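Structure file entry-v8.cif; described as mmCIF, C-alpha atoms.
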```
data_upload
#
loop_
_atom_site.group_PDB
_atom_site.id
_atom_site.type_symbol
_atom_site.label_atom_id
_atom_site.label_comp_id
_atom_site.auth_asym_id
_atom_site.auth_seq_id
_atom_site.Cartn_x
_atom_site.Cartn_y
_atom_site.Cartn_z
ATOM 1 C CA MET O 1 143.448 162.359 -110.786
ATOM 2 C CA SER O 2 144.354 164.171 -113.992
ATOM 3 C CA ALA O 3 147.985 164.563 -115.033
ATOM 4 C CA ALA O 4 147.530 168.359 -114.921
ATOM 5 C CA LEU O 5 146.299 168.243 -111.319
ATOM 6 C CA ASP O 6 149.158 165.933 -110.372
ATOM 7 C CA SER O 7 151.580 168.467 -111.904
ATOM 8 C CA LEU O 8 149.961 171.326 -109.970
ATOM 9 C CA LEU O 9 150.228 169.397 -106.707
ATOM 10 C CA ASP O 10 153.938 168.876 -107.420
ATOM 11 C CA LEU O 11 154.224 172.628 -107.958
ATOM 12 C CA LEU O 12 152.692 173.278 -104.520
ATOM 13 C CA ASP O 13 154.913 170.689 -102.805
ATOM 14 C CA LEU O 14 157.727 173.085 -101.947
ATOM 15 C CA GLU O 15 161.291 172.008 -101.225
ATOM 16 C CA ARG O 16 162.447 172.855 -97.713
ATOM 17 C CA ILE O 17 166.009 174.198 -97.974
ATOM 18 C CA GLU O 18 166.296 175.482 -94.380
ATOM 19 C CA GLN O 19 164.091 175.505 -91.290
ATOM 20 C CA ASP O 20 161.844 178.348 -92.502
ATOM 21 C CA ILE O 21 163.045 178.714 -96.096
ATOM 22 C CA PHE O 22 161.402 176.941 -99.032
ATOM 23 C CA ARG O 23 161.952 176.807 -102.756
ATOM 24 C CA GLY O 24 159.292 176.488 -105.440
ATOM 25 C CA MET O 25 159.295 176.221 -109.199
ATOM 26 C CA SER O 26 156.945 177.781 -111.738
ATOM 27 C CA ARG O 27 155.292 176.858 -114.977
ATOM 28 C CA SER O 28 154.243 178.850 -118.005
ATOM 29 C CA ALA O 29 151.135 181.006 -117.734
ATOM 30 C CA VAL O 30 148.865 182.809 -120.180
ATOM 31 C CA VAL O 31 150.853 186.005 -119.619
ATOM 32 C CA PRO O 32 154.710 186.068 -119.750
ATOM 33 C CA ARG O 33 155.129 186.119 -115.973
ATOM 34 C CA VAL O 34 154.425 183.848 -113.022
ATOM 35 C CA PHE O 35 150.687 183.423 -112.391
ATOM 36 C CA GLY O 36 149.772 185.362 -109.243
ATOM 37 C CA GLY O 37 147.581 182.581 -107.861
ATOM 38 C CA GLN O 38 150.548 180.227 -107.989
ATOM 39 C CA VAL O 39 152.773 182.542 -105.932
ATOM 40 C CA ALA O 40 150.002 183.157 -103.385
ATOM 41 C CA ALA O 41 149.267 179.448 -103.029
ATOM 42 C CA GLN O 42 152.944 178.531 -102.685
ATOM 43 C CA ALA O 43 153.482 181.258 -100.088
ATOM 44 C CA LEU O 44 150.534 179.928 -98.083
ATOM 45 C CA VAL O 45 151.988 176.412 -98.311
ATOM 46 C CA ALA O 46 155.284 177.748 -96.929
ATOM 47 C CA ALA O 47 153.510 179.519 -94.068
ATOM 48 C CA GLY O 48 151.340 176.512 -93.274
ATOM 49 C CA ARG O 49 154.309 174.171 -93.005
ATOM 50 C CA THR O 50 155.611 176.154 -90.035
ATOM 51 C CA VAL O 51 152.286 176.021 -88.163
ATOM 52 C CA PRO O 52 150.969 173.242 -85.857
ATOM 53 C CA GLU O 53 148.534 170.913 -87.652
ATOM 54 C CA ASP O 54 145.642 171.803 -85.323
ATOM 55 C CA ARG O 55 145.577 175.393 -86.660
ATOM 56 C CA GLY O 56 143.787 176.102 -89.908
ATOM 57 C CA ALA O 57 144.302 179.145 -92.127
ATOM 58 C CA HIS O 58 141.580 181.736 -91.564
ATOM 59 C CA SER O 59 142.912 184.766 -93.484
ATOM 60 C CA LEU O 60 145.643 186.059 -95.750
ATOM 61 C CA HIS O 61 146.641 189.501 -96.986
ATOM 62 C CA ALA O 62 149.148 189.842 -99.811
ATOM 63 C CA TYR O 63 150.835 192.288 -102.178
ATOM 64 C CA PHE O 64 152.213 191.532 -105.630
ATOM 65 C CA LEU O 65 155.414 193.594 -105.823
ATOM 66 C CA ARG O 66 157.149 192.602 -109.070
ATOM 67 C CA PRO O 67 156.401 190.304 -112.017
ATOM 68 C CA GLY O 68 157.742 186.817 -111.397
ATOM 69 C CA ASP O 69 160.153 185.109 -113.785
ATOM 70 C CA PRO O 70 158.654 181.699 -114.735
ATOM 71 C CA GLY O 71 162.105 180.423 -115.706
ATOM 72 C CA ALA O 72 163.649 180.858 -112.254
ATOM 73 C CA PRO O 73 162.937 179.258 -108.858
ATOM 74 C CA ILE O 74 161.194 181.287 -106.158
ATOM 75 C CA VAL O 75 162.550 181.294 -102.601
ATOM 76 C CA TYR O 76 159.990 181.700 -99.812
ATOM 77 C CA SER O 77 161.264 182.971 -96.464
ATOM 78 C CA VAL O 78 158.889 182.567 -93.510
ATOM 79 C CA ASP O 79 158.971 184.865 -90.484
ATOM 80 C CA ARG O 80 157.316 183.438 -87.346
ATOM 81 C CA ILE O 81 155.592 186.622 -86.204
ATOM 82 C CA ARG O 82 153.473 185.172 -83.389
ATOM 83 C CA ASP O 83 152.521 181.868 -81.790
ATOM 84 C CA GLY O 84 149.627 182.487 -79.403
ATOM 85 C CA ARG O 85 147.321 180.135 -77.554
ATOM 86 C CA SER O 86 144.638 180.370 -80.264
ATOM 87 C CA PHE O 87 146.187 182.236 -83.186
ATOM 88 C CA THR O 88 149.420 181.904 -85.158
ATOM 89 C CA THR O 89 150.706 184.594 -87.532
ATOM 90 C CA ARG O 90 153.236 184.153 -90.298
ATOM 91 C CA ARG O 91 154.837 186.554 -92.779
ATOM 92 C CA VAL O 92 156.245 185.239 -96.067
ATOM 93 C CA VAL O 93 158.465 187.022 -98.569
ATOM 94 C CA ALA O 94 158.926 185.504 -102.043
ATOM 95 C CA VAL O 95 162.278 186.366 -103.652
ATOM 96 C CA GLN O 96 163.645 186.018 -107.178
ATOM 97 C CA HIS O 97 166.969 187.299 -108.487
ATOM 98 C CA GLY O 98 167.665 188.866 -105.086
ATOM 99 C CA LYS O 99 164.494 190.988 -105.034
ATOM 100 C CA PRO O 100 161.121 190.464 -103.332
ATOM 101 C CA ILE O 101 158.306 189.811 -105.799
ATOM 102 C CA PHE O 102 155.498 189.006 -103.338
ATOM 103 C CA HIS O 103 154.644 189.537 -99.677
ATOM 104 C CA LEU O 104 152.051 187.614 -97.676
ATOM 105 C CA SER O 105 150.761 187.729 -94.103
ATOM 106 C CA ALA O 106 148.635 184.792 -93.004
ATOM 107 C CA SER O 107 146.829 183.969 -89.775
ATOM 108 C CA PHE O 108 145.944 180.504 -88.474
ATOM 109 C CA GLN O 109 143.551 179.545 -85.670
ATOM 110 C CA VAL O 110 142.760 176.579 -83.474
ATOM 111 C CA TYR O 111 139.194 175.462 -84.251
ATOM 112 C CA GLU O 112 136.608 176.642 -81.746
ATOM 113 C CA GLU O 113 132.826 176.915 -81.457
ATOM 114 C CA GLY O 114 131.241 180.374 -81.608
ATOM 115 C CA MET O 115 128.449 182.546 -82.996
ATOM 116 C CA ASP O 116 127.453 181.516 -86.499
ATOM 117 C CA HIS O 117 125.515 183.334 -89.224
ATOM 118 C CA GLN O 118 126.003 183.966 -92.933
ATOM 119 C CA ALA O 119 124.532 185.636 -96.007
ATOM 120 C CA VAL O 120 122.242 183.701 -98.347
ATOM 121 C CA MET O 121 123.838 181.975 -101.326
ATOM 122 C CA PRO O 122 122.847 183.608 -104.650
ATOM 123 C CA ASP O 123 120.997 181.704 -107.337
ATOM 124 C CA ALA O 124 123.140 179.878 -109.883
ATOM 125 C CA PRO O 125 122.520 177.035 -112.341
ATOM 126 C CA ASP O 126 123.708 173.500 -111.727
ATOM 127 C CA PRO O 127 127.397 173.419 -112.774
ATOM 128 C CA GLU O 128 126.879 170.091 -114.545
ATOM 129 C CA THR O 129 124.589 171.870 -117.028
ATOM 130 C CA LEU O 130 127.269 174.411 -118.028
ATOM 131 C CA PRO O 131 129.860 173.934 -120.802
ATOM 132 C CA THR O 132 133.376 172.902 -119.867
ATOM 133 C CA ALA O 133 136.354 175.055 -120.862
ATOM 134 C CA ALA O 134 137.161 172.610 -123.670
ATOM 135 C CA GLU O 135 133.624 173.031 -125.016
ATOM 136 C CA MET O 136 133.382 176.795 -124.516
ATOM 137 C CA LEU O 137 136.753 178.315 -125.421
ATOM 138 C CA PRO O 138 137.006 177.167 -129.073
ATOM 139 C CA ARG O 139 133.765 179.055 -129.809
ATOM 140 C CA TYR O 140 135.623 182.326 -129.261
ATOM 141 C CA ALA O 141 138.917 181.525 -130.990
ATOM 142 C CA ASP O 142 138.380 184.396 -133.421
ATOM 143 C CA ARG O 143 138.274 186.910 -130.548
ATOM 144 C CA PHE O 144 141.880 186.306 -129.536
ATOM 145 C CA THR O 145 144.839 188.112 -131.097
ATOM 146 C CA ASP O 146 147.077 185.065 -130.569
ATOM 147 C CA PRO O 147 145.917 181.988 -132.536
ATOM 148 C CA ARG O 148 147.421 179.806 -129.810
ATOM 149 C CA MET O 149 145.381 181.453 -127.038
ATOM 150 C CA VAL O 150 142.715 178.756 -126.786
ATOM 151 C CA ASP O 151 145.364 176.077 -126.238
ATOM 152 C CA ARG O 152 147.234 178.296 -123.772
ATOM 153 C CA LEU O 153 144.093 178.976 -121.730
ATOM 154 C CA LEU O 154 143.169 175.297 -121.709
ATOM 155 C CA GLU O 155 146.670 174.360 -120.575
ATOM 156 C CA ALA O 156 146.707 177.020 -117.832
ATOM 157 C CA ARG O 157 143.396 175.747 -116.428
ATOM 158 C CA ALA O 158 143.820 172.037 -117.108
ATOM 159 C CA ALA O 159 144.020 171.144 -113.405
ATOM 160 C CA VAL O 160 140.738 172.901 -112.616
ATOM 161 C CA ASP O 161 137.248 172.380 -114.014
ATOM 162 C CA LEU O 162 136.127 176.026 -114.280
ATOM 163 C CA ARG O 163 132.732 176.778 -115.811
ATOM 164 C CA TYR O 164 131.293 180.239 -116.520
ATOM 165 C CA VAL O 165 127.648 180.838 -115.616
ATOM 166 C CA ASP O 166 127.417 183.722 -118.122
ATOM 167 C CA ALA O 167 129.584 184.606 -121.106
ATOM 168 C CA PRO O 168 133.159 185.590 -120.088
ATOM 169 C CA PRO O 169 134.490 189.092 -120.878
ATOM 170 C CA PHE O 170 136.271 188.057 -124.080
ATOM 171 C CA ALA O 171 132.974 186.750 -125.487
ATOM 172 C CA THR O 172 131.173 190.113 -125.244
ATOM 173 C CA ALA O 173 134.001 192.639 -125.738
ATOM 174 C CA GLY O 174 132.598 196.011 -126.766
ATOM 175 C CA GLU O 175 129.344 195.484 -124.861
ATOM 176 C CA PRO O 176 129.351 196.892 -121.278
ATOM 177 C CA ARG O 177 127.465 194.668 -118.841
ATOM 178 C CA GLU O 178 126.590 194.559 -115.182
ATOM 179 C CA PRO O 179 129.896 194.294 -113.228
ATOM 180 C CA ARG O 180 129.133 190.833 -111.922
ATOM 181 C CA SER O 181 130.414 187.379 -112.823
ATOM 182 C CA GLN O 182 129.882 183.836 -111.585
ATOM 183 C CA VAL O 183 131.919 180.692 -112.169
ATOM 184 C CA TRP O 184 131.781 177.228 -110.680
ATOM 185 C CA PHE O 185 135.064 175.421 -110.079
ATOM 186 C CA ARG O 186 136.582 172.263 -108.650
ATOM 187 C CA THR O 187 139.804 170.367 -109.230
ATOM 188 C CA HIS O 188 140.012 167.730 -111.960
ATOM 189 C CA GLY O 189 140.345 164.882 -109.475
ATOM 190 C CA LYS O 190 140.182 164.116 -105.782
ATOM 191 C CA LEU O 191 142.550 165.700 -103.270
ATOM 192 C CA ALA O 192 143.978 164.325 -100.042
ATOM 193 C CA ASP O 193 142.137 165.079 -96.785
ATOM 194 C CA ASP O 194 144.487 167.927 -95.875
ATOM 195 C CA PRO O 195 142.644 171.196 -95.035
ATOM 196 C CA LEU O 196 145.716 173.293 -95.911
ATOM 197 C CA LEU O 197 145.840 171.747 -99.391
ATOM 198 C CA HIS O 198 142.202 172.664 -100.082
ATOM 199 C CA VAL O 199 142.750 176.224 -98.834
ATOM 200 C CA CYS O 200 145.868 176.608 -100.996
ATOM 201 C CA MET O 201 144.082 175.214 -104.050
ATOM 202 C CA ALA O 202 141.225 177.705 -103.614
ATOM 203 C CA THR O 203 143.821 180.471 -103.251
ATOM 204 C CA TYR O 204 145.367 179.370 -106.551
ATOM 205 C CA VAL O 205 142.028 179.510 -108.396
ATOM 206 C CA SER O 206 140.895 182.763 -106.763
ATOM 207 C CA ASP O 207 143.259 184.833 -108.938
ATOM 208 C CA MET O 208 141.949 183.455 -112.235
ATOM 209 C CA THR O 209 138.723 185.424 -112.769
ATOM 210 C CA LEU O 210 138.298 187.955 -109.954
ATOM 211 C CA LEU O 211 138.871 191.036 -112.113
ATOM 212 C CA ASP O 212 136.451 189.843 -114.820
ATOM 213 C CA SER O 213 133.689 191.969 -113.306
ATOM 214 C CA VAL O 214 135.841 195.101 -113.744
ATOM 215 C CA LEU O 215 136.226 194.300 -117.436
ATOM 216 C CA LEU O 216 132.520 193.612 -117.911
ATOM 217 C CA ALA O 217 131.541 197.068 -116.636
ATOM 218 C CA HIS O 218 133.554 198.681 -119.445
ATOM 219 C CA GLY O 219 132.981 196.193 -122.242
ATOM 220 C CA ARG O 220 136.591 195.065 -122.262
ATOM 221 C CA GLY O 221 137.593 191.567 -123.284
ATOM 222 C CA GLY O 222 140.722 191.255 -121.159
ATOM 223 C CA TRP O 223 144.385 190.391 -121.443
ATOM 224 C CA SER O 224 143.778 187.523 -123.890
ATOM 225 C CA VAL O 225 141.965 189.891 -126.276
ATOM 226 C CA GLY O 226 144.526 192.669 -125.848
ATOM 227 C CA ASP O 227 142.160 195.556 -125.100
ATOM 228 C CA VAL O 228 143.501 196.029 -121.550
ATOM 229 C CA VAL O 229 146.796 195.551 -119.769
ATOM 230 C CA GLY O 230 146.890 194.762 -116.098
ATOM 231 C CA ALA O 231 148.162 192.811 -113.141
ATOM 232 C CA SER O 232 147.084 191.909 -109.623
ATOM 233 C CA LEU O 233 148.198 194.443 -107.016
ATOM 234 C CA ASP O 234 146.943 193.015 -103.740
ATOM 235 C CA HIS O 235 144.818 190.099 -102.595
ATOM 236 C CA ALA O 236 142.966 189.250 -99.389
ATOM 237 C CA MET O 237 141.022 186.140 -98.380
ATOM 238 C CA TRP O 238 139.063 185.068 -95.313
ATOM 239 C CA PHE O 239 138.327 181.365 -94.854
ATOM 240 C CA HIS O 240 135.072 181.095 -92.914
ATOM 241 C CA ARG O 241 134.115 177.417 -92.959
ATOM 242 C CA PRO O 242 135.675 174.103 -94.008
ATOM 243 C CA PHE O 243 135.298 173.178 -97.673
ATOM 244 C CA ARG O 244 136.765 170.881 -100.299
ATOM 245 C CA ALA O 245 138.342 172.278 -103.446
ATOM 246 C CA ASP O 246 137.653 168.976 -105.253
ATOM 247 C CA GLU O 247 133.894 169.557 -104.893
ATOM 248 C CA TRP O 248 131.909 172.264 -106.685
ATOM 249 C CA LEU O 249 132.393 175.805 -105.376
ATOM 250 C CA LEU O 250 130.509 178.864 -106.663
ATOM 251 C CA TYR O 251 132.697 181.959 -107.141
ATOM 252 C CA ASP O 252 130.300 184.936 -107.096
ATOM 253 C CA GLN O 253 132.223 188.088 -108.094
ATOM 254 C CA GLU O 254 131.451 191.778 -108.536
ATOM 255 C CA SER O 255 133.265 195.099 -108.945
ATOM 256 C CA PRO O 256 132.087 198.072 -106.852
ATOM 257 C CA SER O 257 134.654 200.514 -108.268
ATOM 258 C CA ALA O 258 137.322 201.255 -110.862
ATOM 259 C CA SER O 259 139.370 204.462 -110.955
ATOM 260 C CA GLY O 260 142.917 205.736 -111.306
ATOM 261 C CA GLY O 261 144.019 202.828 -113.473
ATOM 262 C CA ARG O 262 142.898 200.341 -110.797
ATOM 263 C CA GLY O 263 139.875 198.095 -110.494
ATOM 264 C CA LEU O 264 138.461 196.428 -107.379
ATOM 265 C CA GLY O 265 136.951 192.967 -107.347
ATOM 266 C CA GLN O 266 135.171 191.421 -104.388
ATOM 267 C CA ALA O 267 133.690 187.957 -104.168
ATOM 268 C CA ARG O 268 132.248 185.193 -102.070
ATOM 269 C CA ILE O 269 132.917 181.509 -102.586
ATOM 270 C CA TRP O 270 130.099 179.128 -101.662
ATOM 271 C CA ALA O 271 130.003 175.381 -101.228
ATOM 272 C CA ALA O 272 127.289 173.643 -103.245
ATOM 273 C CA ASP O 273 125.276 173.045 -100.054
ATOM 274 C CA GLY O 274 124.926 176.812 -99.508
ATOM 275 C CA LYS O 275 127.615 177.322 -96.873
ATOM 276 C CA LEU O 276 129.699 180.485 -97.229
ATOM 277 C CA ALA O 277 133.285 179.226 -97.384
ATOM 278 C CA ILE O 278 135.486 182.197 -98.388
ATOM 279 C CA THR O 279 135.414 185.951 -98.926
ATOM 280 C CA VAL O 280 137.907 187.425 -101.422
ATOM 281 C CA ILE O 281 138.913 190.996 -102.285
ATOM 282 C CA GLN O 282 141.491 192.015 -104.871
ATOM 283 C CA GLU O 283 142.617 195.242 -106.492
ATOM 284 C CA GLY O 284 144.355 195.119 -109.831
ATOM 285 C CA MET O 285 145.997 197.484 -112.250
ATOM 286 C CA VAL O 286 143.651 197.772 -115.230
ATOM 287 C CA ARG O 287 144.763 200.103 -118.023
ATOM 288 C CA VAL O 288 143.529 200.735 -121.540
ATOM 289 C CA PRO O 289 146.474 200.377 -123.977
ATOM 290 C CA ARG O 290 147.636 203.544 -125.669
ATOM 291 C CA ASP O 291 147.521 203.691 -129.445
#
```

Can you turn what I pasted into structure tokens?
Amino acid sequence: MSAALDSLLDLLDLERIEQDIFRGMSRSAVVPRVFGGQVAAQALVAAGRTVPEDRGAHSLHAYFLRPGDPGAPIVYSVDRIRDGRSFTTRRVVAVQHGKPIFHLSASFQVYEEGMDHQAVMPDAPDPETLPTAAEMLPRYADRFTDPRMVDRLLEARAAVDLRYVDAPPFATAGEPREPRSQVWFRTHGKLADDPLLHVCMATYVSDMTLLDSVLLAHGRGGWSVGDVVGASLDHAMWFHRPFRADEWLLYDQESPSASGGRGLGQARIWAADGKLAITVIQEGMVRVPRD
């Protein structure tokens, strides 16, 4: 296991300070606020620790309310909304400096057999044939306004092996493309056999690239290039089938719409064997900076 992955696992191992109250820390991100995927993953950890072990997470719906302060702890308060015979529902509010910064509702279910069908996995190259972040990012160092951006991006993604199938937005800024993006990802090291951990790790990664397809449609390079400003507004995930976040997962993303200073990203996450594991939808604020 890499040191970066070990550090991320420590970040997700929340401190229980009361029966349904947890405290988490943050680390620096590419932007000067708490990374949204971190808050979502920590909130799901908090919810999952109040749920019986035989119930796996099957969906979450969340809103990002305020930017998080990476220098302050985050307190997660869990509300036990419902404990049914098959389903359990939890609501989590993340608080900093006395104000809510994030709200999550999550549902958990006892495993059961049922009808089963799925869409067909799209074509994608073997992830082992694609460049790693350490190989790819330095090629585009001249695109970034901050000379430290390559190192900051590498540090932010050091726990995850994330590989772009096609050129990322910052590589083709100024050239509108089809609003579709694919990346493969897995953790840099093996994880414990805890289904909640794998779900939370996928939640963490899901906020990294989902709005890329919005940027591609308009030829924008993104926050690291400085030709847009933005932030995640809401996030929803449905976990369809078991998967491992330490094995290759294909994140197939597209944007059906952007308007009113907002862009919508929707995606499916596939296991390498073709099983549909997760569906993700996110809307973000995406604005062109004023002169």

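Residue selection for this entry, given the PyMOL selection byres ((chain O and resi 289) around 8), comprises Asp227, Val228, Val229, Arg287, Val288, Arg290 and Asp291 of chain O.
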
Residues returned when the PyMOL selection byres ((chain O and resi 272-285) around 9) runs on this file, as a ChimeraX atom specification: /O:118-122,202,206-207,210-211,229-243,247-250,253,260-271,286-287

Name every residue that the PyMOL selection byres ((chain O and resi 184-191) around 6) selects in this structure, writing the answer as a list in words with chains first and numbers rising. Met1, Ser2, Ala159, Val160, Asp161, Leu162, Arg163, Val183, Ala192, Ala245, Asp246, Glu247, Trp248, Leu249, Leu250 and Tyr251 of chain O

Any idea what's packed within 8 Å of segment 214-220 of chain O, counting all atoms listed in the file, ignoring anything in its chain fewer than 2 positions away? Could you give it as a VMD selection string? chain O and resid 169 to 170 172 to 180 211 to 212 222 227 to 228 254 to 255 257 to 258 263 to 265

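Here atom CA of Pro125 of chain O is placed at a distance of 23.4 Å from atom CA of Thr203 of chain O.
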
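The residue that comes closest to Gln42 of chain O, out of O:Leu65, O:Leu104, O:Met115, O:Ala167 and on the basis of all atoms listed in the file, is O:Leu104.
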
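Candidate residues O:Cys200, O:Asp79, O:Glu18, O:Arg139 were compared for distance to Leu60 of chain O, and the nearest is O:Cys200, using all atoms listed in the file.
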
Need the shell around Gly48 of chain O: protein/DNA/RNA residues with any atom at most 8 Å away, counting all atoms listed in the file. Skip same-chain ones fewer than 4 positions apart. Format as a ChimeraX atom specification? /O:44,57,196
